[in-house]
>>> print(open('input-v2.cif').read())   # mmCIF, C-alpha atoms and all ligand atoms
data_structure
#
loop_
_atom_site.label_atom_id
_atom_site.label_comp_id
_atom_site.auth_asym_id
_atom_site.auth_seq_id
_atom_site.Cartn_x
_atom_site.Cartn_y
_atom_site.Cartn_z
CA MET A 23 17.51 13.93 9.46
CA ALA A 24 17.80 11.14 6.90
CA THR A 25 21.35 9.87 6.40
CA LYS A 26 22.13 7.27 3.75
CA ASN A 27 23.19 3.87 5.11
CA GLN A 28 21.36 4.50 8.34
CA THR A 29 19.43 1.42 9.42
CA LEU A 30 15.66 1.60 9.72
CA GLY A 31 15.99 1.01 13.47
CA GLU A 32 18.33 4.00 13.84
CA PHE A 33 16.12 6.13 11.60
CA ILE A 34 13.01 5.39 13.66
CA ILE A 35 14.72 6.32 16.94
CA GLU A 36 16.31 9.46 15.51
CA ASN A 37 13.10 10.74 13.98
CA GLN A 38 10.74 9.81 16.78
CA THR A 39 10.33 13.38 18.00
CA GLU A 40 9.23 14.51 14.54
CA PHE A 41 6.11 12.35 14.79
CA LYS A 42 3.00 14.30 15.49
CA TYR A 43 2.31 12.25 18.62
CA SER A 44 5.72 11.37 19.94
CA SER A 45 4.90 8.97 22.74
CA GLY A 46 6.99 6.31 21.01
CA GLU A 47 3.99 4.14 20.22
CA LEU A 48 3.93 4.97 16.52
CA SER A 49 7.63 4.12 16.37
CA ARG A 50 6.93 0.78 18.01
CA LEU A 51 4.11 0.20 15.57
CA ILE A 52 6.38 0.81 12.56
CA ASN A 53 8.89 -1.50 14.23
CA SER A 54 6.35 -4.33 14.40
CA ILE A 55 5.49 -3.84 10.74
CA ARG A 56 9.19 -4.03 9.93
CA LEU A 57 9.42 -7.31 11.81
CA ALA A 58 6.30 -8.88 10.24
CA ALA A 59 7.58 -7.84 6.80
CA LYS A 60 10.79 -9.81 7.36
CA VAL A 61 8.84 -12.96 8.22
CA VAL A 62 6.54 -12.57 5.19
CA ASN A 63 9.52 -11.79 2.97
CA HIS A 64 11.16 -15.06 4.00
CA GLU A 65 8.04 -17.01 3.03
CA VAL A 66 7.48 -15.09 -0.24
CA ASN A 67 11.06 -15.92 -1.26
CA LYS A 68 10.31 -19.61 -0.88
CA ALA A 69 7.22 -19.46 -3.10
CA GLY A 70 9.08 -20.88 -6.10
CA LEU A 71 9.88 -24.01 -4.10
CA VAL A 72 6.23 -24.79 -3.69
CA ASP A 73 6.39 -27.97 -5.79
CA ILE A 74 9.20 -29.19 -3.60
CA LEU A 75 7.92 -28.05 -0.21
CA GLY A 76 4.21 -28.60 -0.89
CA ALA A 77 1.45 -26.36 -2.24
CA ALA A 78 -1.21 -24.46 -0.34
CA GLY A 79 -3.75 -26.85 1.06
CA ASP A 80 -1.17 -29.66 1.44
CA THR A 81 0.18 -30.88 4.72
CA ASN A 82 3.92 -30.37 5.11
CA ILE A 83 6.46 -32.76 6.53
CA GLN A 84 5.89 -31.54 10.08
CA GLY A 85 2.18 -32.27 9.68
CA GLU A 86 1.33 -28.54 9.44
CA ASP A 87 -1.15 -27.30 6.86
CA GLN A 88 0.46 -25.13 4.16
CA GLN A 89 -1.34 -21.84 3.83
CA LYS A 90 -1.84 -19.70 0.77
CA LEU A 91 0.67 -16.86 0.98
CA ASP A 92 -1.91 -14.11 1.26
CA VAL A 93 -3.57 -15.89 4.18
CA TYR A 94 -0.14 -16.47 5.72
CA ALA A 95 0.80 -12.80 5.37
CA ASN A 96 -2.52 -11.77 6.88
CA ASP A 97 -1.95 -14.02 9.92
CA ILE A 98 1.63 -12.85 10.45
CA PHE A 99 0.74 -9.14 10.36
CA ILE A 100 -2.25 -9.63 12.63
CA LYS A 101 -0.29 -11.72 15.17
CA THR A 102 2.67 -9.36 15.18
CA LEU A 103 0.53 -6.27 15.65
CA THR A 104 -1.77 -7.87 18.22
CA ASN A 105 1.04 -9.12 20.43
CA ARG A 106 2.65 -5.71 20.82
CA GLU A 107 -0.07 -3.78 22.66
CA ILE A 108 -0.07 -0.78 20.35
CA VAL A 109 -3.12 -1.20 18.18
CA CYS A 110 -6.74 -1.38 19.25
CA GLY A 111 -8.07 -2.64 15.93
CA ILE A 112 -7.10 -4.04 12.55
CA ALA A 113 -9.00 -4.11 9.27
CA SER A 114 -7.64 -6.22 6.44
CA GLU A 115 -8.56 -6.86 2.85
CA GLU A 116 -8.50 -10.54 3.82
CA GLU A 117 -11.07 -10.18 6.62
CA ASP A 118 -14.81 -9.56 6.24
CA ASP A 119 -15.01 -7.46 9.38
CA PHE A 120 -12.57 -5.47 11.51
CA ILE A 121 -10.77 -7.11 14.44
CA THR A 122 -11.03 -5.62 17.92
CA ILE A 123 -7.91 -5.80 20.08
CA THR A 124 -8.61 -5.21 23.74
CA GLY A 125 -5.00 -5.60 24.89
CA ARG A 126 -3.76 -8.05 27.51
CA ASN A 127 -5.15 -5.94 30.35
CA LYS A 128 -8.53 -5.82 28.51
CA LYS A 129 -8.57 -2.04 28.97
CA ASN A 130 -8.87 -1.11 25.28
CA ASP A 131 -6.34 1.63 25.87
CA ASN A 132 -4.23 1.32 22.70
CA LYS A 133 -4.46 4.30 20.36
CA TYR A 134 -3.96 3.16 16.79
CA VAL A 135 -5.91 1.27 14.17
CA VAL A 136 -4.14 -0.37 11.24
CA LEU A 137 -5.75 -1.07 7.87
CA MET A 138 -3.87 -3.26 5.44
CA ASP A 139 -3.69 -5.31 2.32
CA PRO A 140 -1.33 -8.03 3.56
CA LEU A 141 -0.33 -9.34 0.13
CA ASP A 142 -1.38 -7.24 -2.81
CA GLY A 143 -1.08 -8.53 -6.36
CA SER A 144 -0.91 -12.10 -5.06
CA SER A 145 -1.85 -13.55 -8.46
CA ASN A 146 1.73 -12.61 -9.44
CA ILE A 147 3.32 -15.01 -6.96
CA ASP A 148 3.02 -18.13 -9.11
CA VAL A 149 4.98 -16.44 -11.89
CA ASN A 150 7.76 -14.98 -9.70
CA VAL A 151 6.71 -11.35 -10.13
CA SER A 152 6.84 -8.73 -7.35
CA VAL A 153 4.05 -8.43 -4.81
CA GLY A 154 3.59 -6.09 -1.87
CA THR A 155 2.05 -5.29 1.49
CA ILE A 156 0.22 -2.00 1.98
CA PHE A 157 -0.56 -0.44 5.38
CA SER A 158 -2.37 2.59 6.68
CA ILE A 159 -2.41 3.90 10.27
CA TYR A 160 -4.93 6.17 12.05
CA ARG A 161 -5.50 7.26 15.60
CA ARG A 162 -8.79 5.98 16.91
CA VAL A 163 -11.57 8.57 17.09
CA THR A 164 -13.77 6.86 19.67
CA GLU A 165 -12.96 7.15 23.33
CA ALA A 166 -10.04 5.17 24.74
CA GLY A 167 -11.15 2.47 27.17
CA THR A 168 -13.99 1.31 24.94
CA PRO A 169 -13.76 -1.28 22.15
CA VAL A 170 -13.11 0.18 18.68
CA THR A 171 -16.09 0.71 16.39
CA LEU A 172 -16.52 0.96 12.62
CA GLU A 173 -16.18 4.73 12.98
CA ASP A 174 -12.50 4.32 13.88
CA PHE A 175 -11.87 2.67 10.51
CA LEU A 176 -14.09 4.81 8.29
CA GLN A 177 -11.93 7.93 8.51
CA PRO A 178 -11.00 9.91 5.41
CA GLY A 179 -7.45 9.30 4.18
CA ASN A 180 -6.40 12.82 5.16
CA LYS A 181 -6.52 11.65 8.79
CA GLN A 182 -3.82 9.01 8.30
CA VAL A 183 -0.86 9.45 10.65
CA ALA A 184 1.35 7.08 8.68
CA ALA A 185 1.21 4.80 5.66
CA GLY A 186 3.55 2.68 3.65
CA TYR A 187 4.24 -0.43 1.67
CA ILE A 188 6.66 -3.28 1.46
CA VAL A 189 7.67 -4.39 -2.02
CA TYR A 190 8.93 -7.95 -2.30
CA GLY A 191 10.87 -7.40 -5.50
CA THR A 192 14.38 -8.03 -6.75
CA SER A 193 15.16 -6.45 -3.39
CA THR A 194 12.73 -6.17 -0.53
CA MET A 195 12.02 -2.60 0.45
CA ILE A 196 9.90 -0.84 3.02
CA VAL A 197 8.76 2.62 1.97
CA TYR A 198 6.77 4.72 4.42
CA SER A 199 5.82 8.15 5.62
CA THR A 200 4.71 9.57 8.95
CA GLY A 201 3.83 12.90 7.38
CA HIS A 202 7.39 14.18 6.93
CA GLY A 203 8.18 12.99 3.43
CA VAL A 204 8.73 9.48 2.15
CA ASN A 205 11.77 7.32 2.86
CA GLY A 206 12.68 3.93 1.41
CA PHE A 207 14.74 1.21 3.14
CA THR A 208 16.23 -1.84 1.44
CA LEU A 209 16.57 -5.16 3.23
CA ASN A 210 19.98 -6.79 3.35
CA PRO A 211 18.69 -10.37 3.57
CA ALA A 212 22.02 -11.77 4.75
CA ILE A 213 21.78 -9.93 8.06
CA GLY A 214 18.07 -9.10 8.17
CA THR A 215 18.62 -5.33 8.37
CA TYR A 216 16.90 -2.56 6.40
CA TYR A 217 19.12 0.32 5.29
CA LEU A 218 17.98 3.76 4.24
CA SER A 219 18.58 3.55 0.49
CA HIS A 220 16.06 6.09 -0.84
CA PRO A 221 15.91 9.17 1.42
CA ASN A 222 13.22 11.78 0.78
CA MET A 223 11.62 10.11 -2.26
CA GLN A 224 9.94 12.51 -4.71
CA PHE A 225 7.57 11.87 -7.60
CA PRO A 226 8.95 13.66 -10.67
CA VAL A 227 6.39 16.39 -11.47
CA ASP A 228 6.04 14.95 -14.97
CA GLY A 229 6.68 11.51 -16.34
CA LYS A 230 6.55 9.34 -19.42
CA ILE A 231 5.08 6.10 -18.12
CA TYR A 232 1.39 5.18 -18.00
CA SER A 233 0.27 2.05 -16.16
CA VAL A 234 -3.19 0.70 -16.82
CA ASN A 235 -4.73 -2.64 -17.77
CA GLU A 236 -5.46 -1.77 -21.40
CA GLY A 237 -7.24 -5.08 -21.87
CA ASN A 238 -10.20 -3.32 -20.27
CA TYR A 239 -10.01 -0.42 -22.78
CA VAL A 240 -13.46 -0.87 -24.36
CA HIS A 241 -15.05 -0.78 -20.90
CA PHE A 242 -13.28 2.41 -19.77
CA PRO A 243 -15.07 5.76 -19.40
CA GLN A 244 -14.62 8.05 -22.43
CA GLY A 245 -12.27 10.38 -20.50
CA VAL A 246 -9.84 7.52 -19.81
CA LYS A 247 -9.98 6.36 -23.43
CA ASP A 248 -9.18 9.91 -24.54
CA TYR A 249 -6.32 10.22 -22.07
CA ILE A 250 -4.82 6.89 -23.22
CA LYS A 251 -4.97 8.11 -26.82
CA TYR A 252 -3.22 11.31 -25.70
CA CYS A 253 -0.47 9.17 -24.05
CA GLN A 254 0.01 7.33 -27.36
CA GLN A 255 0.05 10.37 -29.66
CA GLU A 256 3.20 12.01 -31.00
CA GLY A 257 4.04 15.09 -28.93
CA GLU A 258 6.95 16.79 -27.23
CA ASP A 259 7.58 13.88 -24.82
CA ARG A 260 5.09 11.50 -26.35
CA PRO A 261 4.25 8.76 -27.08
CA TYR A 262 4.66 7.68 -23.46
CA THR A 263 5.82 4.23 -22.46
CA SER A 264 3.24 1.71 -21.27
CA ARG A 265 4.29 -0.37 -18.23
CA TYR A 266 1.86 -2.49 -16.22
CA ILE A 267 2.99 -5.15 -13.76
CA GLY A 268 -0.45 -5.76 -12.27
CA SER A 269 0.94 -5.27 -8.77
CA LEU A 270 -0.09 -1.84 -7.50
CA VAL A 271 2.87 -1.57 -5.13
CA SER A 272 5.43 -2.32 -7.84
CA ASP A 273 3.78 -0.13 -10.47
CA PHE A 274 3.56 2.74 -7.98
CA HIS A 275 7.15 2.23 -6.81
CA ARG A 276 8.55 2.35 -10.34
CA ASN A 277 6.45 5.39 -11.23
CA MET A 278 7.55 7.26 -8.10
CA ILE A 279 11.18 6.72 -9.06
CA LYS A 280 10.88 7.32 -12.81
CA GLY A 281 7.78 9.52 -13.15
CA GLY A 282 4.46 8.12 -14.30
CA ILE A 283 0.77 7.60 -13.71
CA TYR A 284 -1.07 4.50 -12.45
CA MET A 285 -4.76 4.18 -13.34
CA TYR A 286 -7.45 1.73 -12.30
CA PRO A 287 -10.63 3.39 -13.56
CA ASN A 288 -14.20 2.22 -13.16
CA THR A 289 -15.18 -0.18 -15.92
CA ALA A 290 -18.43 -1.71 -17.11
CA LYS A 291 -17.51 -4.81 -15.07
CA ASP A 292 -16.42 -2.88 -11.95
CA PRO A 293 -18.56 0.27 -11.97
CA LYS A 294 -16.86 1.55 -8.80
CA GLY A 295 -13.38 0.51 -9.86
CA LYS A 296 -11.52 -2.49 -8.49
CA LEU A 297 -9.15 -1.15 -5.87
CA ARG A 298 -10.15 -0.72 -2.24
CA LEU A 299 -10.22 2.80 -0.84
CA LEU A 300 -9.12 1.88 2.68
CA TYR A 301 -6.46 -0.77 2.09
CA GLU A 302 -4.95 0.30 -1.22
CA CYS A 303 -5.89 3.77 -2.46
CA ASN A 304 -5.71 5.84 0.75
CA PRO A 305 -2.23 4.68 1.82
CA MET A 306 -0.86 5.03 -1.72
CA ALA A 307 -2.50 8.46 -2.09
CA TYR A 308 -0.95 9.58 1.21
CA LEU A 309 2.50 8.45 0.04
CA ALA A 310 1.98 10.05 -3.38
CA GLU A 311 1.14 13.42 -1.81
CA GLN A 312 3.98 13.15 0.69
CA ALA A 313 6.28 12.64 -2.30
CA GLY A 314 4.88 15.63 -4.21
CA GLY A 315 2.58 13.55 -6.43
CA LYS A 316 -1.18 13.42 -6.67
CA ALA A 317 -4.03 10.91 -6.29
CA SER A 318 -7.57 11.32 -7.53
CA ASP A 319 -10.70 9.35 -8.41
CA GLY A 320 -10.67 11.23 -11.72
CA PHE A 321 -12.54 14.21 -10.30
CA LYS A 322 -11.57 14.76 -6.67
CA ARG A 323 -8.80 14.09 -4.16
CA ILE A 324 -8.77 10.50 -2.88
CA LEU A 325 -7.77 11.60 0.64
CA ASP A 326 -10.92 13.71 1.03
CA ILE A 327 -13.38 10.88 0.42
CA THR A 328 -15.35 9.93 3.54
CA PRO A 329 -15.65 6.14 3.45
CA THR A 330 -19.00 4.51 4.11
CA GLU A 331 -17.93 0.87 4.18
CA LEU A 332 -14.80 -1.14 4.96
CA HIS A 333 -14.34 -2.78 1.57
CA GLN A 334 -15.39 0.24 -0.50
CA ARG A 335 -13.91 0.46 -4.00
CA VAL A 336 -12.94 3.58 -5.87
CA PRO A 337 -11.51 4.53 -9.30
CA PHE A 338 -7.83 5.41 -8.84
CA PHE A 339 -5.50 7.77 -10.71
CA CYS A 340 -2.19 8.28 -8.98
CA GLY A 341 1.31 9.47 -9.75
CA SER A 342 3.21 12.45 -11.12
CA LYS A 343 1.25 15.64 -10.47
CA ASN A 344 1.08 16.95 -14.04
CA MET A 345 0.06 13.57 -15.42
CA VAL A 346 -2.77 13.08 -12.91
CA GLU A 347 -3.99 16.61 -13.61
CA LYS A 348 -3.98 15.91 -17.34
CA ALA A 349 -5.99 12.71 -16.84
CA GLU A 350 -8.48 14.64 -14.67
CA GLU A 351 -8.77 17.25 -17.43
CA PHE A 352 -9.77 14.53 -19.91
CA MET A 353 -12.21 12.99 -17.44
CA GLN A 354 -13.87 16.32 -16.82
CA LYS A 355 -14.05 17.22 -20.53
CA ALA A 356 -15.73 13.92 -21.41
P1 LIG A 401 -5.69 -7.85 -5.27
O1 LIG A 401 -5.85 -7.04 -4.03
O2 LIG A 401 -6.76 -8.89 -5.43
O3 LIG A 401 -4.30 -8.41 -5.40
O4 LIG A 401 -5.94 -6.82 -6.48
C1 LIG A 401 -5.24 -5.63 -6.54
C2 LIG A 401 -4.36 -5.67 -7.75
C3 LIG A 401 -3.41 -4.51 -7.86
O5 LIG A 401 -2.21 -4.75 -7.21
C4 LIG A 401 -3.20 -4.45 -9.34
O6 LIG A 401 -2.73 -3.22 -9.77
C5 LIG A 401 -4.55 -4.79 -9.88
O7 LIG A 401 -5.19 -5.54 -8.89
C6 LIG A 401 -4.48 -5.61 -11.13
O8 LIG A 401 -5.76 -5.89 -11.56
P2 LIG A 401 -6.06 -6.39 -13.06
O9 LIG A 401 -5.50 -7.77 -13.14
O10 LIG A 401 -7.54 -6.33 -13.17
O11 LIG A 401 -5.38 -5.42 -13.98
MG MG A 402 -5.06 -5.80 -3.01
#
>>> encode(input="input-v2.cif", output="structure tokens", more="lines below")
Ligand code: AHM
Ligand code: MG
Amino acid sequence: MATKNQTLGEFIIENQTEFKYSSGELSRLINSIRLAAKVVNHEVNKAGLVDILGAAGDTNIQGEDQQKLDVYANDIFIKTLTNREIVCGIASEEEDDFITITGRNKKNDNKYVVLMDPLDGSSNIDVNVSVGTIFSIYRRVTEAGTPVTLEDFLQPGNKQVAAGYIVYGTSTMIVYSTGHGVNGFTLNPAIGTYYLSHPNMQFPVDGKIYSVNEGNYVHFPQGVKDYIKYCQQEGEDRPYTSRYIGSLVSDFHRNMIKGGIYMYPNTAKDPKGKLRLLYECNPMAYLAEQAGGKASDGFKRILDITPTELHQRVPFFCGSKNMVEKAEEFMQKA
């Protein structure tokens, strides 16, 4: 049961038995993500001091090289997850290939693979706008005791056992699901503790916000152009409001709270879309569905796509159920 003001630690312990596989490992895995997120949060918060502390590529006062924040976040998540003997493999938007983790005993007996975008929307950092981390967790499908293979990572999103994001915003929040709804926890930075602030998050069935990079309008498929026009026309609840941060996590988070649709369609420049199926779209689609929303490539459910490559891209329409269905209707008509 989710009780407000519960800490994330308490929540994880209390809800452990609800997890599909309740050996405690998934709980420990979420715990390591919680820890890594605190470390990354600390560094993200210092980003504005870069001119004072030294920019990426510089050497700091201790003689250490300063890393770009997305590389830093990638390293922290990988180190934290590797050291805790829970995952057998990691795939990251920042890495060309997946990483095999054999475990200290070299037995390859850990069960989970993690796929992540360690710092999404990182072009927003220089201008002090929210960024996020996105993660997706699967059980391995190849036999335990052997090193992971590509097959363990190329599972359709409907096989995820958990997914979530961290939003480094005006407050830092971790929002995740293990298949029993979506809960959001806000970090109290003074004491380093996350509190359950948003129990059982639900996408409003309808909304009034559309989030899309309209600068790409002329390159959009006709169905998307038609849907955008529909959003702008006078109607019962229309025109809708346009809001686009350019940080998927933040746009999604706002839309889940207020009701809205996020779109990153295919364009002439990016014929398959821009966002990555495994690191961005699948985890967000899982959360959307867990919160009563919907996620589609314009024609079919994101979570049913069988991936063929690690860095695969896909058009993405995600948010309030009625809005995504309306966008699909326009796509199909065109
Ligand atoms: P990134 O993984 O390189 O940060 O790109 C993903 C980001 C999303 O967070 C965001 O919604 C989108 O790219 C913005 O792209 P654009 O600037 O083309 O609108
Ligand atoms: Mg990204």
>>> closest_atom_pairs(input="input-v2.cif", of="chain A", to="ligand LIG 401 (chain A)", cutoff="10 Å", atoms="all atoms listed in the file", output="Markdown table")
| residue | atom | partner | partner_atom | distance |
| --- | --- | --- | --- | --- |
| A:Asp92 | CA | A:LIG401 | O3 | 9.1 |
| A:Glu115 | CA | A:LIG401 | O1 | 7.4 |
| A:Glu116 | CA | A:LIG401 | O1 | 9.0 |
| A:Asp139 | CA | A:LIG401 | O1 | 6.9 |
| A:Pro140 | CA | A:LIG401 | O1 | 8.9 |
| A:Leu141 | CA | A:LIG401 | O3 | 6.9 |
| A:Asp142 | CA | A:LIG401 | O3 | 4.1 |
| A:Gly143 | CA | A:LIG401 | O3 | 3.4 |
| A:Ser144 | CA | A:LIG401 | O3 | 5.0 |
| A:Ser145 | CA | A:LIG401 | O3 | 6.5 |
| A:Asn146 | CA | A:LIG401 | O3 | 8.4 |
| A:Ser152 | CA | A:LIG401 | O5 | 9.9 |
| A:Val153 | CA | A:LIG401 | O5 | 7.6 |
| A:Gly154 | CA | A:LIG401 | O5 | 8.0 |
| A:Thr155 | CA | A:LIG401 | O5 | 9.7 |
| A:Ile156 | CA | A:LIG401 | O5 | 9.9 |
| A:Ser233 | CA | A:LIG401 | O6 | 8.8 |
| A:Val234 | CA | A:LIG401 | O11 | 7.1 |
| A:Asn235 | CA | A:LIG401 | O11 | 4.7 |
| A:Glu236 | CA | A:LIG401 | O11 | 8.3 |
| A:Gly237 | CA | A:LIG401 | O11 | 8.1 |
| A:Asn238 | CA | A:LIG401 | O10 | 8.2 |
| A:Tyr266 | CA | A:LIG401 | O6 | 8.0 |
| A:Ile267 | CA | A:LIG401 | O6 | 7.2 |
| A:Gly268 | CA | A:LIG401 | C6 | 4.2 |
| A:Ser269 | CA | A:LIG401 | O5 | 3.6 |
| A:Leu270 | CA | A:LIG401 | O5 | 3.6 |
| A:Val271 | CA | A:LIG401 | O5 | 6.3 |
| A:Ser272 | CA | A:LIG401 | O5 | 8.0 |
| A:Asp273 | CA | A:LIG401 | O6 | 7.2 |
| A:Phe274 | CA | A:LIG401 | O6 | 8.8 |
| A:Tyr284 | CA | A:LIG401 | O6 | 8.3 |
| A:Met285 | CA | A:LIG401 | O6 | 8.5 |
| A:Tyr286 | CA | A:LIG401 | O6 | 7.3 |
| A:Asp292 | CA | A:LIG401 | O10 | 9.6 |
| A:Gly295 | CA | A:LIG401 | O10 | 9.6 |
| A:Lys296 | CA | A:LIG401 | O7 | 7.0 |
| A:Leu297 | CA | A:LIG401 | C1 | 6.0 |
| A:Arg298 | CA | A:LIG401 | O1 | 7.9 |
| A:Tyr301 | CA | A:LIG401 | O1 | 8.8 |
| A:Glu302 | CA | A:LIG401 | O1 | 7.9 |
>>> closest_atom_pairs(input="input-v2.cif", of="range 148-257 of chain A", to="range 340-345 of chain A", cutoff="7 Å", atoms="only C-alpha atoms", output="JSON lines")
{"residue": "A:Phe225", "atom": "CA", "partner": "A:Ser342", "partner_atom": "CA", "distance": 5.6}
{"residue": "A:Pro226", "atom": "CA", "partner": "A:Ser342", "partner_atom": "CA", "distance": 5.9}
{"residue": "A:Val227", "atom": "CA", "partner": "A:Ser342", "partner_atom": "CA", "distance": 5.1}
{"residue": "A:Asp228", "atom": "CA", "partner": "A:Ser342", "partner_atom": "CA", "distance": 5.4}
{"residue": "A:Gly229", "atom": "CA", "partner": "A:Ser342", "partner_atom": "CA", "distance": 6.3}
>>> closest_residue(input="input-v2.cif", among="A:Asn63, A:Asn288, A:Gln38, A:Asn96", to="ligand MG 402 (chain A)", atoms="all atoms listed in the file")
A:Asn96
>>> closest_residue(input="input-v2.cif", among="A:Glu32, A:Asp118, A:Asn150, A:Thr289", to="Gly70 in chain A", atoms="all atoms listed in the file")
A:Asn150
>>> atom_distance(input="input-v2.cif", atom1="CA of Tyr198 in chain A", atom2="CA of Leu309 in chain A")
7.2 Å
>>> decode(input="input-v2.cif", residues="range 285-326 of chain A", atoms="C-alpha atoms", output="PDB file, in the first residue's frame")
ATOM      1  CA  MET A 285       4.947  13.513 -30.057  1.00  0.00           C
ATOM      2  CA  TYR A 286       8.255  12.896 -31.792  1.00  0.00           C
ATOM      3  CA  PRO A 287       7.188  11.749 -35.260  1.00  0.00           C
ATOM      4  CA  ASN A 288       9.372  10.619 -38.126  1.00  0.00           C
ATOM      5  CA  THR A 289      10.534  13.558 -40.214  1.00  0.00           C
ATOM      6  CA  ALA A 290      12.250  13.954 -43.558  1.00  0.00           C
ATOM      7  CA  LYS A 291      15.536  14.336 -41.619  1.00  0.00           C
ATOM      8  CA  ASP A 292      14.893  11.411 -39.243  1.00  0.00           C
ATOM      9  CA  PRO A 293      12.779   8.972 -41.272  1.00  0.00           C
ATOM     10  CA  LYS A 294      12.549   6.578 -38.305  1.00  0.00           C
ATOM     11  CA  GLY A 295      12.013   9.297 -35.730  1.00  0.00           C
ATOM     12  CA  LYS A 296      14.656  10.515 -33.304  1.00  0.00           C
ATOM     13  CA  LEU A 297      13.944   8.774 -30.031  1.00  0.00           C
ATOM     14  CA  ARG A 298      15.403   5.382 -29.155  1.00  0.00           C
ATOM     15  CA  LEU A 299      12.997   2.501 -28.697  1.00  0.00           C
ATOM     16  CA  LEU A 300      14.975   0.716 -25.986  1.00  0.00           C
ATOM     17  CA  TYR A 301      16.256   3.568 -23.832  1.00  0.00           C
ATOM     18  CA  GLU A 302      13.502   6.160 -24.172  1.00  0.00           C
ATOM     19  CA  CYS A 303      10.258   4.964 -25.748  1.00  0.00           C
ATOM     20  CA  ASN A 304       9.790   1.535 -24.130  1.00  0.00           C
ATOM     21  CA  PRO A 305      10.261   2.689 -20.523  1.00  0.00           C
ATOM     22  CA  MET A 306       8.068   5.760 -21.055  1.00  0.00           C
ATOM     23  CA  ALA A 307       5.425   3.642 -22.826  1.00  0.00           C
ATOM     24  CA  TYR A 308       5.430   1.171 -19.921  1.00  0.00           C
ATOM     25  CA  LEU A 309       4.933   4.011 -17.426  1.00  0.00           C
ATOM     26  CA  ALA A 310       2.243   5.600 -19.609  1.00  0.00           C
ATOM     27  CA  GLU A 311       0.249   2.360 -19.736  1.00  0.00           C
ATOM     28  CA  GLN A 312       0.748   1.712 -16.031  1.00  0.00           C
ATOM     29  CA  ALA A 313      -0.733   5.171 -15.447  1.00  0.00           C
ATOM     30  CA  GLY A 314      -3.727   4.556 -17.733  1.00  0.00           C
ATOM     31  CA  GLY A 315      -2.235   6.397 -20.725  1.00  0.00           C
ATOM     32  CA  LYS A 316      -1.166   5.154 -24.117  1.00  0.00           C
ATOM     33  CA  ALA A 317       1.960   4.996 -26.311  1.00  0.00           C
ATOM     34  CA  SER A 318       2.077   4.329 -30.021  1.00  0.00           C
ATOM     35  CA  ASP A 319       4.274   4.764 -33.091  1.00  0.00           C
ATOM     36  CA  GLY A 320       1.239   6.346 -34.761  1.00  0.00           C
ATOM     37  CA  PHE A 321      -0.190   3.001 -35.831  1.00  0.00           C
ATOM     38  CA  LYS A 322       0.610   0.336 -33.255  1.00  0.00           C
ATOM     39  CA  ARG A 323       1.472  -0.144 -29.589  1.00  0.00           C
ATOM     40  CA  ILE A 324       5.100   0.717 -28.777  1.00  0.00           C
ATOM     41  CA  LEU A 325       5.366  -2.128 -26.244  1.00  0.00           C
ATOM     42  CA  ASP A 326       4.611  -4.756 -28.905  1.00  0.00           C
TER      43      ASP A 326
END
